[in-house]
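Enquirer: My structure is in upload22.txt, and what it holds is compact mmCIF, C-alpha atoms:
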```
# COMPACT_ATOMS: atom_id res chain seq x y z
CA PRO N 1 3.43 -4.95 31.46
CA GLU N 2 5.03 -1.61 30.68
CA GLU N 3 8.41 -3.32 30.18
CA SER N 4 6.80 -5.85 27.81
CA LEU N 5 5.17 -3.00 25.90
CA LEU N 6 8.48 -1.14 25.56
CA ALA N 7 10.22 -4.32 24.42
CA GLY N 8 7.51 -4.92 21.82
CA ILE N 9 7.74 -1.37 20.46
CA THR N 10 11.54 -1.67 20.30
CA ARG N 11 11.30 -4.91 18.30
CA GLN N 12 8.75 -3.30 15.99
CA ASN N 13 11.08 -0.39 15.26
CA LEU N 14 14.02 -2.75 14.71
CA GLY N 15 11.96 -4.95 12.38
CA LEU N 16 10.77 -1.99 10.34
CA ALA N 17 14.37 -0.72 10.15
CA TYR N 18 15.39 -4.06 8.63
CA TRP N 19 12.45 -3.75 6.22
CA LEU N 20 13.60 -0.31 5.12
CA MET N 21 17.10 -1.69 4.47
CA GLY N 22 15.65 -4.46 2.29
CA ASP N 23 16.47 -7.30 4.70
CA GLU N 24 13.05 -8.91 4.75
CA GLU N 25 14.32 -12.14 6.31
CA ALA N 26 15.72 -10.28 9.33
CA ALA N 27 12.53 -8.18 9.55
CA SER N 28 10.36 -11.32 9.63
CA ARG N 29 12.58 -12.92 12.26
CA VAL N 30 12.59 -9.91 14.58
CA LEU N 31 8.88 -9.17 14.23
CA SER N 32 7.70 -12.77 14.64
CA GLU N 33 9.71 -13.67 17.74
CA PRO N 34 8.30 -12.50 21.09
CA ALA N 35 10.66 -10.57 23.34
CA GLU N 36 12.18 -12.52 26.23
CA THR N 37 10.14 -11.82 29.31
CA ASN N 38 8.96 -13.54 32.48
CA GLY N 39 5.85 -15.69 32.65
CA ALA N 40 3.63 -12.93 34.05
CA HIS N 41 4.12 -10.76 30.99
CA GLN N 42 4.57 -13.47 28.35
CA HIS N 43 1.02 -13.06 27.03
CA VAL N 44 1.56 -9.34 26.36
CA ALA N 45 4.84 -10.12 24.58
CA LEU N 46 3.13 -12.73 22.40
CA LEU N 47 0.33 -10.33 21.42
CA LEU N 48 2.83 -7.57 20.57
CA SER N 49 4.75 -10.05 18.44
CA ALA N 50 1.53 -11.00 16.65
CA SER N 51 0.73 -7.31 16.07
CA ASN N 52 4.20 -6.71 14.64
CA LEU N 53 3.84 -9.69 12.32
CA ALA N 54 0.43 -8.47 11.16
CA GLU N 55 1.94 -5.09 10.29
CA LEU N 56 4.61 -6.82 8.21
CA TYR N 57 1.90 -8.74 6.35
CA MET N 58 0.17 -5.42 5.61
CA LEU N 59 3.39 -3.96 4.23
CA ARG N 60 3.75 -6.99 1.98
CA GLY N 61 0.18 -6.62 0.79
CA GLN N 62 -0.94 -9.90 2.38
CA LEU N 63 -4.15 -8.36 3.67
CA SER N 64 -5.98 -11.59 4.50
CA GLN N 65 -3.10 -12.83 6.62
CA ALA N 66 -2.87 -9.49 8.41
CA ALA N 67 -6.61 -9.55 9.16
CA ARG N 68 -6.32 -13.12 10.47
CA TRP N 69 -3.61 -12.10 12.95
CA TYR N 70 -5.42 -8.96 14.11
CA ARG N 71 -8.63 -10.92 14.73
CA ARG N 72 -6.63 -13.51 16.66
CA ILE N 73 -5.29 -10.70 18.86
CA LEU N 74 -8.83 -9.42 19.53
CA SER N 75 -9.93 -12.89 20.64
CA ARG N 76 -7.19 -12.94 23.30
CA LEU N 77 -7.40 -9.41 24.64
CA GLU N 78 -9.41 -10.35 27.73
CA GLN N 79 -6.21 -11.77 29.25
CA VAL N 80 -4.29 -8.49 28.85
CA ASP N 81 -3.45 -6.27 31.83
CA SER N 82 -5.54 -3.07 31.92
CA ALA N 83 -2.37 -0.94 31.78
CA VAL N 84 -1.52 -2.03 28.24
CA TYR N 85 -4.98 -3.03 26.94
CA PRO N 86 -5.78 0.36 25.30
CA MET N 87 -2.49 0.39 23.40
CA ILE N 88 -2.84 -3.12 21.94
CA ALA N 89 -6.61 -2.96 21.39
CA GLY N 90 -6.47 0.52 19.87
CA THR N 91 -3.78 -0.47 17.37
CA THR N 92 -5.64 -3.66 16.46
CA TYR N 93 -9.00 -1.96 15.87
CA ALA N 94 -7.39 0.87 13.87
CA GLU N 95 -5.50 -1.49 11.55
CA LEU N 96 -8.49 -3.81 11.12
CA GLY N 97 -10.46 -0.73 10.15
CA HIS N 98 -8.00 0.05 7.36
CA LEU N 99 -8.25 -3.52 6.06
CA GLU N 100 -12.06 -3.42 6.06
CA TYR N 101 -11.93 -0.03 4.34
CA GLU N 102 -9.72 -1.37 1.55
CA TRP N 103 -12.26 -4.16 0.99
CA ASN N 104 -14.97 -1.46 0.76
CA HIS N 105 -16.74 -2.52 3.98
CA LEU N 106 -17.27 1.08 5.02
CA ASP N 107 -19.67 0.55 7.93
CA THR N 108 -17.47 -2.11 9.54
CA ALA N 109 -14.39 0.06 9.01
CA GLU N 110 -16.08 3.06 10.64
CA SER N 111 -17.07 0.96 13.65
CA HIS N 112 -13.47 -0.21 14.14
CA PHE N 113 -12.07 3.32 13.81
CA ARG N 114 -14.55 4.73 16.34
CA THR N 115 -13.72 1.93 18.79
CA ALA N 116 -10.04 2.82 18.45
CA LEU N 117 -10.78 6.51 19.09
CA ALA N 118 -12.89 5.65 22.14
CA LEU N 119 -9.85 3.91 23.59
CA SER N 120 -7.87 7.15 23.23
CA ARG N 121 -9.28 8.33 26.55
CA GLU N 122 -7.63 5.30 28.18
CA GLY N 123 -4.17 5.69 26.67
CA ILE N 124 -4.24 4.52 23.05
CA GLY N 125 -0.89 4.87 21.29
CA LEU N 126 -0.29 8.02 19.27
CA LYS N 127 0.26 6.15 16.02
CA ALA N 128 -3.00 4.23 16.44
CA LEU N 129 -4.80 7.48 17.28
CA ALA N 130 -3.62 9.09 14.04
CA ARG N 131 -4.43 5.96 12.03
CA ALA N 132 -7.97 5.94 13.46
CA TYR N 133 -8.55 9.60 12.58
CA ILE N 134 -7.17 9.09 9.07
CA GLY N 135 -9.34 6.01 8.62
CA LEU N 136 -12.48 7.89 9.62
CA MET N 137 -11.60 10.69 7.20
CA LYS N 138 -11.25 8.14 4.41
CA VAL N 139 -14.66 6.63 5.20
CA HIS N 140 -16.45 9.98 5.23
CA LEU N 141 -14.59 11.19 2.16
CA ALA N 142 -15.73 8.03 0.34
CA ARG N 143 -19.32 8.95 1.26
CA GLY N 144 -18.87 12.56 0.15
CA GLU N 145 -19.42 13.86 3.69
CA PHE N 146 -16.99 16.76 3.42
CA ASP N 147 -18.11 18.70 6.51
CA THR N 148 -17.43 15.66 8.70
CA VAL N 149 -14.02 15.20 7.10
CA HIS N 150 -13.19 18.84 7.84
CA GLN N 151 -14.23 18.42 11.49
CA LEU N 152 -12.10 15.28 11.87
CA LEU N 153 -9.15 17.01 10.27
CA ARG N 154 -9.44 19.88 12.76
CA GLN N 155 -9.68 17.40 15.65
CA LEU N 156 -6.54 15.58 14.47
CA GLU N 157 -4.70 18.90 14.11
CA ASP N 158 -5.66 19.79 17.70
CA ARG N 159 -4.48 16.41 19.03
CA VAL N 160 -1.21 16.73 17.14
CA GLN N 161 -0.58 20.12 18.76
CA GLU N 162 -1.45 18.78 22.22
CA VAL N 163 1.04 15.92 22.24
CA SER N 164 3.63 16.96 19.62
CA MET N 165 3.06 13.83 17.56
CA GLY N 166 5.92 13.52 15.05
CA LEU N 167 4.54 11.17 12.40
CA PRO N 168 0.95 12.50 12.52
CA ARG N 169 2.37 16.03 12.27
CA MET N 170 3.71 15.00 8.85
CA LEU N 171 0.45 13.28 7.83
CA VAL N 172 -1.90 16.16 8.64
CA PRO N 173 -0.80 18.34 5.67
CA LEU N 174 -1.22 15.35 3.33
CA TRP N 175 -4.78 14.88 4.46
CA ARG N 176 -5.44 18.57 4.16
CA VAL N 177 -4.40 18.25 0.49
CA GLN N 178 -6.64 15.20 0.05
CA TYR N 179 -9.53 17.24 1.42
CA TRP N 180 -8.78 20.15 -0.96
CA LEU N 181 -8.57 17.75 -3.92
CA ALA N 182 -11.93 16.22 -3.03
CA ARG N 183 -13.52 19.68 -2.74
CA GLY N 184 -11.89 20.87 -5.98
CA ASP N 185 -9.98 23.66 -4.22
CA MET N 186 -7.18 23.80 -6.80
CA GLY N 187 -5.94 27.19 -5.62
CA ARG N 188 -4.84 25.76 -2.30
CA VAL N 189 -3.56 22.59 -3.97
CA SER N 190 -1.37 24.66 -6.31
CA ALA N 191 -0.01 26.70 -3.39
CA TRP N 192 0.88 23.50 -1.53
CA ILE N 193 2.64 22.12 -4.61
CA GLU N 194 4.68 25.31 -4.97
CA GLU N 195 5.77 25.03 -1.34
CA THR N 196 6.39 21.25 -1.32
CA LEU N 197 7.87 20.44 -4.73
CA PRO N 198 11.33 22.02 -4.19
CA VAL N 199 11.78 19.96 -1.01
CA PHE N 200 10.67 16.55 -2.24
CA ASP N 201 11.58 16.61 -5.94
CA ASP N 202 14.59 14.42 -5.11
CA PRO N 203 15.64 11.25 -6.99
CA HIS N 204 17.15 9.63 -3.87
CA PRO N 205 15.05 7.08 -1.92
CA MET N 206 13.62 8.41 1.33
CA ALA N 207 14.67 6.74 4.56
CA ASN N 208 11.34 7.09 6.39
CA ILE N 209 8.88 4.31 5.63
CA HIS N 210 5.99 6.79 5.32
CA LEU N 211 7.59 9.50 3.18
CA PRO N 212 7.04 7.77 -0.18
CA PHE N 213 3.33 8.40 0.36
CA LEU N 214 4.07 12.10 0.35
CA LYS N 215 5.39 11.67 -3.18
CA VAL N 216 2.24 9.72 -4.08
CA THR N 217 0.12 12.64 -2.83
CA LEU N 218 2.39 15.09 -4.65
CA ALA N 219 2.02 13.19 -7.94
CA ARG N 220 -1.75 13.02 -7.48
CA ALA N 221 -1.92 16.76 -6.83
CA LEU N 222 0.28 17.55 -9.84
CA LEU N 223 -2.01 15.52 -12.10
CA ALA N 224 -5.05 17.34 -10.72
CA VAL N 225 -3.62 20.75 -11.68
CA GLY N 226 -2.41 19.54 -15.09
CA GLN N 227 1.34 19.34 -14.40
CA VAL N 228 1.58 15.94 -16.08
CA ASP N 229 5.31 15.92 -16.88
CA THR N 230 6.27 16.86 -13.33
CA ALA N 231 3.95 14.17 -11.96
CA ASP N 232 5.65 11.66 -14.27
CA ARG N 233 9.06 12.70 -12.94
CA ILE N 234 7.94 12.21 -9.34
CA LEU N 235 6.57 8.75 -10.20
CA ALA N 236 9.88 7.86 -11.88
CA GLN N 237 11.66 8.72 -8.64
CA LEU N 238 9.31 6.43 -6.73
CA ARG N 239 9.84 3.58 -9.20
CA ALA N 240 13.57 3.76 -8.45
CA ASP N 241 12.88 3.14 -4.75
CA PRO N 242 13.35 -0.62 -4.07
CA ARG N 243 10.56 -0.52 -1.45
CA CYS N 244 8.00 -0.03 -4.19
CA VAL N 245 8.59 -3.60 -5.35
CA ARG N 246 8.19 -5.04 -1.84
CA GLN N 247 5.30 -2.85 -0.66
CA THR N 248 2.12 -3.72 -2.56
CA ASP N 249 0.14 -0.55 -1.90
CA LEU N 250 2.99 1.64 -3.18
CA CYS N 251 3.29 -0.58 -6.24
CA LEU N 252 -0.44 -0.21 -6.90
CA TYR N 253 -0.34 3.57 -6.50
CA LEU N 254 2.47 3.70 -9.04
CA PHE N 255 0.61 1.62 -11.62
CA ILE N 256 -2.65 3.56 -11.16
CA LEU N 257 -1.12 7.03 -11.23
CA GLN N 258 1.10 6.10 -14.18
CA ALA N 259 -2.07 5.01 -15.99
CA LEU N 260 -3.54 8.45 -15.33
CA VAL N 261 -0.35 10.09 -16.66
CA TYR N 262 -0.67 8.14 -19.91
CA GLN N 263 -4.38 8.96 -20.09
CA ALA N 264 -3.63 12.67 -19.69
CA ARG N 265 -1.20 12.41 -22.61
CA GLY N 266 -3.77 10.63 -24.77
CA ASP N 267 -1.88 7.30 -24.78
CA ILE N 268 -4.84 5.09 -23.89
CA PRO N 269 -3.22 1.71 -24.78
CA ALA N 270 -0.35 2.43 -22.38
CA ALA N 271 -2.80 3.61 -19.72
CA LEU N 272 -4.84 0.41 -20.01
CA LYS N 273 -1.71 -1.73 -19.73
CA GLN N 274 -0.73 0.00 -16.48
CA LEU N 275 -4.25 -0.42 -15.12
CA GLU N 276 -4.27 -4.10 -16.05
CA LEU N 277 -0.97 -4.58 -14.21
CA ALA N 278 -2.49 -2.87 -11.17
CA LEU N 279 -5.56 -5.11 -11.29
CA SER N 280 -3.46 -8.27 -11.63
CA THR N 281 -1.39 -7.16 -8.63
CA GLY N 282 -4.39 -6.21 -6.49
CA GLU N 283 -6.75 -9.08 -7.27
CA LYS N 284 -5.34 -11.77 -4.97
CA GLU N 285 -5.93 -9.67 -1.85
CA ARG N 286 -9.08 -7.97 -3.21
CA TYR N 287 -7.84 -4.38 -3.23
CA ILE N 288 -10.84 -2.14 -3.99
CA ARG N 289 -10.65 1.34 -2.49
CA ILE N 290 -7.14 2.02 -3.73
CA PHE N 291 -8.68 2.12 -7.23
CA VAL N 292 -11.99 3.76 -6.37
CA ASP N 293 -10.44 6.57 -4.35
CA GLU N 294 -8.60 7.84 -7.43
CA GLY N 295 -11.96 8.87 -8.83
CA PRO N 296 -13.92 8.92 -12.10
CA ALA N 297 -10.84 8.94 -14.34
CA VAL N 298 -9.95 5.42 -13.16
CA ALA N 299 -13.58 4.33 -13.55
CA GLY N 300 -13.48 5.49 -17.18
CA LEU N 301 -10.27 3.55 -17.82
CA LEU N 302 -11.73 0.49 -16.12
CA LEU N 303 -14.75 0.53 -18.45
CA ARG N 304 -12.42 0.74 -21.46
CA LEU N 305 -10.32 -2.12 -20.13
CA VAL N 306 -13.39 -4.30 -19.49
CA ASP N 307 -14.45 -3.71 -23.10
CA GLN N 308 -10.97 -4.64 -24.31
CA LEU N 309 -10.81 -7.79 -22.16
CA ARG N 310 -14.22 -8.89 -23.46
CA GLN N 311 -12.79 -8.98 -26.98
CA ARG N 312 -9.73 -11.08 -26.13
CA ASP N 313 -9.61 -14.71 -27.14
CA PRO N 314 -8.82 -16.59 -24.98
CA ALA N 315 -10.07 -14.57 -22.01
CA PRO N 316 -7.29 -13.61 -19.57
CA LEU N 317 -6.98 -15.43 -16.24
CA SER N 318 -6.51 -12.14 -14.40
CA PRO N 319 -8.25 -9.84 -13.69
CA SER N 320 -11.17 -12.21 -13.20
CA PRO N 321 -14.81 -11.29 -13.96
CA ALA N 322 -15.66 -11.57 -10.24
CA TYR N 323 -12.97 -9.07 -9.28
CA LEU N 324 -13.95 -6.70 -12.08
CA GLN N 325 -17.58 -6.88 -10.96
CA GLY N 326 -16.59 -5.95 -7.41
CA LEU N 327 -14.70 -2.91 -8.68
CA LEU N 328 -17.52 -1.85 -11.00
CA ASP N 329 -20.00 -2.13 -8.12
CA ALA N 330 -17.74 -0.01 -5.90
CA PHE N 331 -17.51 2.64 -8.62
CA GLY N 332 -21.27 2.45 -9.13
CA VAL N 333 -21.01 1.73 -12.87
CA GLN N 334 -22.19 -1.14 -15.06
CA ALA N 335 -20.61 -3.02 -17.96
CA ASP N 336 -20.84 -6.38 -19.72
CA LEU N 337 -18.06 -8.51 -18.25
CA PRO N 338 -15.68 -10.75 -20.21
CA PRO N 339 -16.41 -14.51 -20.08
CA ALA N 340 -14.83 -16.62 -17.35
CA PRO N 341 -11.42 -17.80 -18.58
CA ILE N 342 -10.44 -21.41 -19.13
CA PRO N 343 -7.38 -22.01 -16.91
CA ALA N 344 -4.20 -22.88 -18.78
CA PRO N 345 -2.04 -25.84 -17.69
CA ASP N 346 0.19 -25.06 -14.71
CA GLY N 347 3.39 -23.23 -15.60
CA LEU N 348 2.40 -22.56 -19.22
CA PHE N 349 3.69 -19.31 -20.64
CA VAL N 350 5.62 -18.08 -23.60
CA GLU N 351 9.15 -19.17 -22.70
CA PRO N 352 10.50 -20.67 -19.46
CA LEU N 353 12.96 -18.68 -17.39
CA THR N 354 16.41 -20.15 -16.87
CA GLU N 355 17.55 -21.07 -13.37
CA ARG N 356 19.69 -17.90 -13.20
CA GLU N 357 16.80 -15.75 -14.45
CA GLN N 358 14.53 -17.21 -11.77
CA GLU N 359 17.16 -16.40 -9.16
CA ILE N 360 17.41 -12.80 -10.38
CA LEU N 361 13.62 -12.49 -10.44
CA GLN N 362 13.45 -13.52 -6.77
CA LEU N 363 16.01 -10.84 -5.89
CA LEU N 364 14.09 -8.23 -7.89
CA ALA N 365 10.97 -9.10 -5.91
CA ALA N 366 12.96 -8.71 -2.68
CA GLY N 367 13.72 -5.13 -3.70
CA LEU N 368 17.48 -5.43 -4.27
CA SER N 369 19.13 -2.88 -6.55
CA ASN N 370 21.08 -3.91 -9.65
CA ASP N 371 24.39 -3.39 -7.84
CA GLU N 372 23.23 -5.51 -4.91
CA ILE N 373 22.04 -8.31 -7.20
CA ALA N 374 25.32 -8.32 -9.15
CA GLU N 375 27.28 -8.42 -5.90
CA ARG N 376 25.08 -11.19 -4.42
CA LEU N 377 25.43 -13.39 -7.53
CA VAL N 378 29.07 -12.41 -8.20
CA ILE N 379 28.40 -11.39 -11.80
CA ALA N 380 29.26 -8.30 -13.84
CA ARG N 381 26.67 -5.53 -14.20
CA SER N 382 26.74 -6.04 -17.98
CA THR N 383 25.86 -9.72 -17.48
CA LEU N 384 23.04 -8.75 -15.14
CA LYS N 385 21.67 -6.29 -17.70
CA THR N 386 21.58 -9.09 -20.30
CA HIS N 387 19.66 -11.33 -17.88
CA LEU N 388 17.23 -8.51 -17.07
CA LYS N 389 16.64 -7.86 -20.78
CA ASN N 390 15.81 -11.54 -21.26
CA ILE N 391 13.50 -11.60 -18.23
CA TYR N 392 11.64 -8.49 -19.36
CA GLY N 393 11.25 -9.93 -22.85
CA LYS N 394 9.88 -13.26 -21.66
CA LEU N 395 7.45 -11.60 -19.24
CA ASP N 396 6.43 -8.81 -21.64
CA ALA N 397 7.56 -6.23 -19.07
CA HIS N 398 9.41 -2.91 -19.33
CA SER N 399 10.48 -2.37 -15.71
CA ARG N 400 11.19 -4.33 -12.56
CA LEU N 401 7.75 -3.41 -11.18
CA GLU N 402 6.04 -4.79 -14.28
CA ALA N 403 8.26 -7.90 -14.23
CA VAL N 404 7.41 -8.68 -10.61
CA ALA N 405 3.69 -8.05 -11.17
CA ARG N 406 3.66 -10.28 -14.26
CA ALA N 407 5.62 -13.01 -12.43
CA LYS N 408 3.08 -12.98 -9.60
CA GLU N 409 0.25 -13.20 -12.13
CA LEU N 410 1.93 -16.31 -13.60
CA SER N 411 2.58 -17.78 -10.12
CA LEU N 412 6.33 -17.57 -10.64
CA LEU N 413 6.71 -15.78 -7.29
```
Translate this structure into structure tokens?

Expert:
Amino acid sequence: PEESLLAGITRQNLGLAYWLMGDEEAASRVLSEPAETNGAHQHVALLLSASNLAELYMLRGQLSQAARWYRRILSRLEQVDSAVYPMIAGTTYAELGHLEYEWNHLDTAESHFRTALALSREGIGLKALARAYIGLMKVHLARGEFDTVHQLLRQLEDRVQEVSMGLPRMLVPLWRVQYWLARGDMGRVSAWIEETLPVFDDPHPMANIHLPFLKVTLARALLAVGQVDTADRILAQLRADPRCVRQTDLCLYLFILQALVYQARGDIPAALKQLELALSTGEKERYIRIFVDEGPAVAGLLLRLVDQLRQRDPAPLSPSPAYLQGLLDAFGVQADLPPAPIPAPDGLFVEPLTEREQEILQLLAAGLSNDEIAERLVIARSTLKTHLKNIYGKLDAHSRLEAVARAKELSLL
């Protein structure tokens, strides 16, 4: 079983490496195929392959698919050897907890996280251990239980020191900042910014799959202390990272935080447009907490947007009244919702994309850079820029992120 476990972890790392390089096809192939192993260990290999595939679905923002695969794994765990059970079960419960948390099922999420932590005594993987601690901190932070969050943070710090956990060692300071932001401890937040900004104020994409979230935390902290222009610069660096098109949660963070930048500058129409793009992107998979966790400022923008949508004729297809109601309930606010829209005929929008424009749109959604698209299609960069201008115009978009979000809203992707 240990050999099967090692093979599964190796394939996971290889698949995520392909993902980082933008080769989603190779990532899907590597993560979905079980490692070659003998019959005795084939079941472990299949479950590890399923876990890898579920993680890829989470990266893509296909939360329902990810949950389906994780629940399938849980239903087959009784056949797993006791030597590898804690590793597979712990990872599965921790990741299911994060999915339930995003859907605002806090009690279910907490139960999954605590199950994952209980498995730590039997050999849960270090990544799953950190994910379970972080998940529990999110749950208790959502409930305003700051003392419990502080205790969990201290426990995670102790575990990190015990086992020299690399990735969690990087995540602990980020959660310390989240805790300070929630408590309004802006002195410590400002000190962290002063220490961190010179290191990570870099326009080049970061190789590690988790490091973009450091920039998200940095932008959030900068907004909290009123450094709006610097926050905007950090967000611009993130927008230039091709992963932000492929990874739904990063895309949503960008839209939401950019909305808060515009709000801080007094440009409410621009802020509402960014929020609407975020809602259209998040609705299909029912993202909830990613909005709510940004606090009252987003709730205020949401109320303004609901009022604006109520006055539109015809009512927009997305965000739907049902999704808006779920968000309002999670924020604990009330508003009169817009009427249910009358669906338009399939494929109806302002102006159809040409075959070449559709091809370019697919490559944008895959996260390719302009140079890579031009090379793939064997066209000049100037020609590509003309196509992009036409695509943006037809989709009423001003960036590749907006174009991809609008295309998904129109079912073009």

Enquirer: Within 9 Å of Leu156 of chain N, counting all atoms listed in the file, which residues show up once you throw out same-chain ones fewer than 3 positions away? Write them as a PyMOL selection string, please.

Expert: chain N and resi 129-130+133-134+151-153+159-161+168+172

Enquirer: Take the selection from the previous step and output its residues with C-alpha atoms, as a PDB file, in the frame of the given file.

Expert:
```pdb
ATOM      1  CA  LEU N 129      -4.800   7.480  17.280  1.00  0.00           C
ATOM      2  CA  ALA N 130      -3.620   9.090  14.040  1.00  0.00           C
ATOM      3  CA  TYR N 133      -8.550   9.600  12.580  1.00  0.00           C
ATOM      4  CA  ILE N 134      -7.170   9.090   9.070  1.00  0.00           C
ATOM      5  CA  GLN N 151     -14.230  18.420  11.490  1.00  0.00           C
ATOM      6  CA  LEU N 152     -12.100  15.280  11.870  1.00  0.00           C
ATOM      7  CA  LEU N 153      -9.150  17.010  10.270  1.00  0.00           C
ATOM      8  CA  ARG N 159      -4.480  16.410  19.030  1.00  0.00           C
ATOM      9  CA  VAL N 160      -1.210  16.730  17.140  1.00  0.00           C
ATOM     10  CA  GLN N 161      -0.580  20.120  18.760  1.00  0.00           C
ATOM     11  CA  PRO N 168       0.950  12.500  12.520  1.00  0.00           C
ATOM     12  CA  VAL N 172      -1.900  16.160   8.640  1.00  0.00           C
TER      13      VAL N 172
END
```

Enquirer: Would you please work out which residue, of N:Asp107, N:Glu285, N:Asp267, N:Glu145, is nearest to Tyr57 of chain N when using only C-alpha atoms?

Expert: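 Using only C-alpha atoms, the shortest distance to Tyr57 of chain N belongs to N:Glu285.
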
Enquirer: Write out as a VMD selection string which residues come within 10 Å of Cys244 of chain N when counting all atoms listed in the file, dropping same-chain ones fewer than 2 positions away.

Expert: chain N and resid 212 238 to 242 246 to 254 365 367 400 to 401

Enquirer: Using all atoms listed in the file, pick whichever of N:Ala142, N:Tyr323, N:Leu74, N:Leu301 has the shortest atom-to-atom distance to His112 of chain N.

Expert: N:Leu74

Enquirer: So which one's closest to Arg60 of chain N, N:Arg406, N:Arg289, N:Arg243, N:Lys215? Using all atoms listed in the file, please.

Expert: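 Distance minimum relative to Arg60 of chain N lands on N:Arg243.
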
Enquirer: Using only C-alpha atoms, which residues sit within 12 Å of Leu197 of chain N once same-chain residues fewer than 3 positions away are excluded, as a list in words?

Expert: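 The contact residues come out as Val189, Ser190, Ala191, Trp192, Ile193, Glu194, Phe200, Asp201, Asp202, Leu214, Lys215, Thr217, Leu218, Ala219, Ala221, Leu222, Gln227, Thr230, Ala231, Arg233 and Ile234 of chain N.
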
Enquirer: Using all atoms listed in the file, pick whichever of N:Leu56, N:Ala26, N:Ala132, N:Val404 has the shortest atom-to-atom distance to Ser280 of chain N.

Expert: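 Of N:Leu56, N:Ala26, N:Ala132, N:Val404, the one nearest Ser280 of chain N, counting all atoms listed in the file, is N:Val404.
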
Enquirer: What is the distance between atom CA of Leu257 of chain N and atom CA of Tyr179 of chain N, in Å to one decimal?

Expert: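 Computing the Euclidean distance for atom CA of Leu257 of chain N and atom CA of Tyr179 of chain N yields 18.3 Å.
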
Enquirer: Given the choices N:Gln263, N:Ser64, N:Leu363, N:Glu409, which gets closest to Ser320 of chain N if the distance is worked out from all atoms listed in the file?

Expert: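 The closest residue to Ser320 of chain N is N:Glu409.
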
Enquirer: What separation in Å, quoted to one decimal, exists between atom CA of Ser49 of chain N and atom CA of Arg71 of chain N?

Expert: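 Atom CA of Ser49 of chain N sits 13.9 Å away from atom CA of Arg71 of chain N.
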
Enquirer: Quick one: everything within 12 Å of Asp329 of chain N, counting all atoms listed in the file, minus sequence neighbours fewer than 2 positions away in the same chain. Send it as a list in words.

Expert: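 Result of the neighbour search: Asn104, Ile288, Arg289, Val292, Ala299, Leu302, Leu303, Ala322, Tyr323, Leu324, Gln325, Gly326, Leu327, Phe331, Gly332, Val333, Gln334 and Ala335 of chain N.
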
Enquirer: Could you write out that same residue set with C-alpha atoms as a CSV table (one decimal), in the frame of the given file?

Expert:
```
chain,number,residue,atom,x,y,z
N,104,ASN,CA,-15.0,-1.5,0.8
N,288,ILE,CA,-10.8,-2.1,-4.0
N,289,ARG,CA,-10.6,1.3,-2.5
N,292,VAL,CA,-12.0,3.8,-6.4
N,299,ALA,CA,-13.6,4.3,-13.6
N,302,LEU,CA,-11.7,0.5,-16.1
N,303,LEU,CA,-14.8,0.5,-18.4
N,322,ALA,CA,-15.7,-11.6,-10.2
N,323,TYR,CA,-13.0,-9.1,-9.3
N,324,LEU,CA,-14.0,-6.7,-12.1
N,325,GLN,CA,-17.6,-6.9,-11.0
N,326,GLY,CA,-16.6,-6.0,-7.4
N,327,LEU,CA,-14.7,-2.9,-8.7
N,331,PHE,CA,-17.5,2.6,-8.6
N,332,GLY,CA,-21.3,2.4,-9.1
N,333,VAL,CA,-21.0,1.7,-12.9
N,334,GLN,CA,-22.2,-1.1,-15.1
N,335,ALA,CA,-20.6,-3.0,-18.0
```

Enquirer: Which neighbours of Ala271 of chain N fall inside 12 Å, counting all atoms listed in the file, when residues of the same chain fewer than 4 positions from it are skipped, and could you give them as a PyMOL selection string?

Expert: chain N and resi 254-267+275-278+297-298+300-302+304-305

Enquirer: I'd like the interatomic distance between atom CA of Ala66 of chain N and atom CA of Gln178 of chain N, to a tenth of an Å.

Expert: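 Computing it gives 26.3 Å between the two atoms.
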
Enquirer: May I have the protein, DNA and RNA residues with any atom at most 12 Å from the point (-10.6, -10.0, 20.9), counting only C-alpha atoms, written as a VMD selection string?

Expert: chain N and resid 47 68 to 80 85 88 to 90 92 to 93 96

Enquirer: Include C-alpha atoms and write out the residues we just selected as a short mmCIF file (atom, residue, chain, number, x, y, z; two decimals), in the coordinates of the input.

Expert:
```cif
data_model
loop_
_atom_site.label_atom_id
_atom_site.label_comp_id
_atom_site.auth_asym_id
_atom_site.auth_seq_id
_atom_site.Cartn_x
_atom_site.Cartn_y
_atom_site.Cartn_z
CA LEU N 47 0.33 -10.33 21.42
CA ARG N 68 -6.32 -13.12 10.47
CA TRP N 69 -3.61 -12.10 12.95
CA TYR N 70 -5.42 -8.96 14.11
CA ARG N 71 -8.63 -10.92 14.73
CA ARG N 72 -6.63 -13.51 16.66
CA ILE N 73 -5.29 -10.70 18.86
CA LEU N 74 -8.83 -9.42 19.53
CA SER N 75 -9.93 -12.89 20.64
CA ARG N 76 -7.19 -12.94 23.30
CA LEU N 77 -7.40 -9.41 24.64
CA GLU N 78 -9.41 -10.35 27.73
CA GLN N 79 -6.21 -11.77 29.25
CA VAL N 80 -4.29 -8.49 28.85
CA TYR N 85 -4.98 -3.03 26.94
CA ILE N 88 -2.84 -3.12 21.94
CA ALA N 89 -6.61 -2.96 21.39
CA GLY N 90 -6.47 0.52 19.87
CA THR N 92 -5.64 -3.66 16.46
CA TYR N 93 -9.00 -1.96 15.87
CA LEU N 96 -8.49 -3.81 11.12
#
```

Enquirer: Which residue out of N:Val245, N:Val177, N:Ala128, N:Ala224 has the minimum interatomic distance to His150 of chain N when all atoms listed in the file are used?

Expert: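 Distance minimum relative to His150 of chain N lands on N:Val177.
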